[in-house]
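As structure tokens, the structure follows; a few thoughts come after it.
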Amino acid sequence: MLKFILIKLAQLIPTFIGVTIVAFSFIRLLPGDPILLMAGERGISAERYAQLEAQLGFDRPLITQYLDFVGGLLQGELGTSLVTHAPVIDEFMSRFPATVELSLFALLFAVIVGLPAGVLAATRRGTFLDHSVMGISLTGYSMPIFWWGLLLIMLFSSTLGWTPVSGRISYLYFIEPVTGLLTIDTLLAGNWDAFRSALHYLILPGIVLGTIPMAVIARQTRSSMLEVLGEDYVRTARAKGLSGFRVIMVHALRNALITVVTVIGLQVGILLSGAILTETIFSWPGIGKWMIDAISRRDYPTVQGGLVLIAFIVMFINLLVDVAYGVINPRIRH
Amino acid sequence: MTPLSPTAAPGTLRHQLAEFWTYFSASRGALVGLLFIVFIFAVALLAPWIAPHDPALQNRDAFLVPPVWHAEGSWRYLLGTDAVGRDVLSRLIHGARYSLSISAMVVMLSMAVGIFFGLLAGYFRGWFETVITRVMDVVLAFPSLLLALGLVAVLSPGLTSAMIAIALVQLPYFVRLTRAAVIGEKDREYVIASRLAGAGHGRLMFNTLLPNCMAPLIVQATLSFSTAILDIAALGFLGMGVQPPTPEWGAMLANAREFMGSAYWAVTFPGLVILLTVLMINLMGDGLRDALDPKLKRS
């Protein structure tokens with residue numbers, strides 16, 4: 001098992017180098033002089049130009065610049081934001097928990113709705129219920145989620161007034177961050193009202209972000225279940241006289257879950273893409289909105305650092321999925 | 001299953017097409033999807049003639065007019081007008097041109113480049129294959145929308161850069177599929193026979209192997225087409241794609257967002273059109289997969 005993990009890690013090294021090259025080239029690929037671009041329309045004095053050039057290292061050979069960049073990266077140094085002048089890594093860390101909370105909630109929603117829906121559709125194959133589940137899931141899969149978010153805001157926030165439009169928690173509450181996930185921190189603090197408030201703010205963006213993963217999970221669960229339900233051991237279990245419910249839940253679902261778990265793991269990239277849109281619509285202070293703001297403000301060090309960090313997270317989670325898959329299904333390891 | 005057309009001899013193109021159509025038309029969803037796509041392409045082609053108004057015309061006496069079924073609605077503007085008095089229906093009709101043509105370009109670009117590199121990687125293997133797969137892994141390590149956004153920022157926001165960015169993000173899927181298909185096919189008898197008959201590398205790759213690797217690529221092309229429509233709209237919505245006042249569907253949503261509270265129609269209809277188009281393409285894609293996937297064929 002350890003060997004399997006080490007091999008997987010070793011395979012990541014070229015991708016790691018590639019990601020750093022992409023992020024490194026980012027500023028340098030820009031048409032025009034990056035420093036003039038950063039200065040914007042106000043222009044820049046010759047002294048300040050030289051100072052910035054030295055500070056950003058643009059006066060040194062490219063290969064030295066790249067090695068410095070990777071060296072800094074390994075020590076958690078990602079430069080400073082042009083807008084806030086704070087270290088990029090700090091800005092990232094302060095926003096990352098918000099995205100984690102949103103994504104976890106979205107995934108939870110996707111699994112809680114998608115998994116039973118897929119099981120139901122498979123066991124009632126060909127019925128109206130099956131067709132409805134598949135229809136809804138294909139619709140969810142095709143959903144432009146930025147529009148879906150606006151639609152839900154119009155209905156639940158503007159018309160019905162049930163949920164707030166933007167932010168993470170009511171300004172009435174201040175919660176000392178422990179995990180950074182407000183729903184958990186409020187519970188740790190034992191503040192029920194604050195917890196309710198945080199959940200209120202979380203529910204709409206969570207559903208919006210969870211819609212596509214839900215559809216994918218429902219479809220995958222249905223097809224894996226259909227495959228498993230035709231297997232001999234399921235027939236044997238039925239022949240032994242076990243109840244239909246027990247056969248489905250214990251014998252079939254457990255085996256169908258192997259592929260479903262992989263698919264759930266593969267949703268991470270989709271979740272992060274979706275988080276950019278969801279966070280923009282709901283003004284959710286996570287890394288998606290942070291990246292969008294950085295791109296529109298042309299805050300290049302932030303864009304560069306953010307790209308690297310996000311790519312690392314995706315790679316890391318894909319590695320975890322691979323390893324988890326190896327644990328569930330030992331044949332993969334060899 | 002229904003008998004195939006008796007006039008076509010097995011193995012001919014006509015026979016293959018007839019067989020394909022038998023499987024494809026067996027799925028009602030796929031047919032509905034196909035019909036809708038034909039319809040929306042027709043709308044896009046005929047936009048200047050069927051749109052009731054000029055999509056850019058601002059009617060100063062008709063700001064935020066609701067759709068016709070409201071009391072204040074008017075038959076002049078079936079789906080209402082936006083904040084500067086432009087007809088929503090006409091903009092949607094003209095928007096179809098942008099969304100569909102950009103997405104079609106994305107798919108063609110991505111498919112052509114992807115097939116080329118995939119063929120080379122699968123055919124020659126060795127270091128070239130390693131480099132290609134690693135580069136594709138790097139592209140896949142970034143969330144697709146984020147990478148597209150970053151690229152657009154580098155290339156400066158607009159139609160062409162959005163197209164290039166989304167094509168690049170889609171590239172790995174075509175490369176991987178082609179490579180896998182080529183590796184699966186290249187040691188089959190017909191390829192060896194062709195090589196023994198003296199076919200060169202180019203002929204083997206493009207004339208012998210490629211036609212036999214097309215089935216999964218066609219399915220992927222439909223998937224890419226619907227993803228491209230969503231991504232173009234997302235970029236437009238974020239202000240990084242097609243720039244206003246162009247009536248692109250995503251950009252229309254972004255414009256209408258401010259008036260969400262007072263004019264639901266300006267937000268609802270562009271999104272509905274995006275959803276319907278993507279849904280129908282996916283429906284057709286499912287049908288295509290069933291018809292082209294030999295594993296699922298019942299005969």
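Convention: chains lettered A, B, ... in structure tokens order; per-chain residue numbering from 1; ligands numbered from 1 as shown.
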Quick one: contact table of chain A to chain B, 6 Å max, nearest atom pair and distance in Å to one decimal per residue, counting only C-alpha atoms, chain and number order, as a tab-separated table?
residue	atom	partner	partner_atom	distance
A:Thr15	CA	B:Val138	CA	5.3
A:Gly18	CA	B:Val138	CA	5.8
A:Val19	CA	B:Val138	CA	5.8
A:Leu30	CA	B:Val154	CA	5.2
A:Ser142	CA	B:Leu279	CA	5.2
A:Met143	CA	B:Leu275	CA	5.6
A:Trp147	CA	B:Gly271	CA	5.6
A:Gly269	CA	B:Pro143	CA	5.0
A:Ser273	CA	B:Leu145	CA	5.3
A:Ala311	CA	B:Phe142	CA	4.9
A:Met315	CA	B:Ala141	CA	6.0
Could you give me, as a PyMOL selection string, each residue of region 164-293 of chain B that DSSP assigns to alpha helix (DSSP H) when run on this structure's backbone? chain B and resi 164-185+189-196+201-203+214-237+249-256+264-292
Neighbouring residues of Gln304 (chain A) were defined as those with any atom within 10 Å, considering only C-alpha atoms; residues of the same chain fewer than 5 positions away were excluded. Please report them as a PDB file with C-alpha atoms, in the first residue's frame.
ATOM      1  CA  THR A  20       4.428  25.861 -11.532  1.00  0.00           C
ATOM      2  CA  VAL A  22       2.079  27.580 -16.141  1.00  0.00           C
ATOM      3  CA  ALA A  23       1.650  29.837 -13.124  1.00  0.00           C
ATOM      4  CA  PHE A  24       5.128  31.287 -13.567  1.00  0.00           C
ATOM      5  CA  SER A  25       4.601  32.044 -17.266  1.00  0.00           C
ATOM      6  CA  PHE A  26       1.278  33.647 -16.457  1.00  0.00           C
ATOM      7  CA  ILE A  27       2.595  37.130 -15.678  1.00  0.00           C
ATOM      8  CA  LEU A  78       3.718  33.314  -2.894  1.00  0.00           C
ATOM      9  CA  GLY A  79       4.439  37.025  -3.085  1.00  0.00           C
ATOM     10  CA  VAL A  88      -1.017  36.033  -1.000  1.00  0.00           C
ATOM     11  CA  MET A 291      -9.814  34.872  -7.728  1.00  0.00           C
ATOM     12  CA  ALA A 294      -8.040  39.426  -8.458  1.00  0.00           C
ATOM     13  CA  ILE A 295      -8.481  38.744 -12.179  1.00  0.00           C
ATOM     14  CA  ASP A 299      -3.744  41.654  -9.290  1.00  0.00           C
ATOM     15  CA  LEU A 309      -2.634  26.716  -4.683  1.00  0.00           C
TER      16      LEU A 309
ATOM     17  CA  GLY B 150      -6.931  33.150 -16.323  1.00  0.00           C
TER      18      GLY B 150
END
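For the residues A:Pro205, A:Gly114, A:Gly190, A:Pro144, ranking by smallest atom-to-atom distance to Pro164 (chain A) using only C-alpha atoms places A:Pro205 first.
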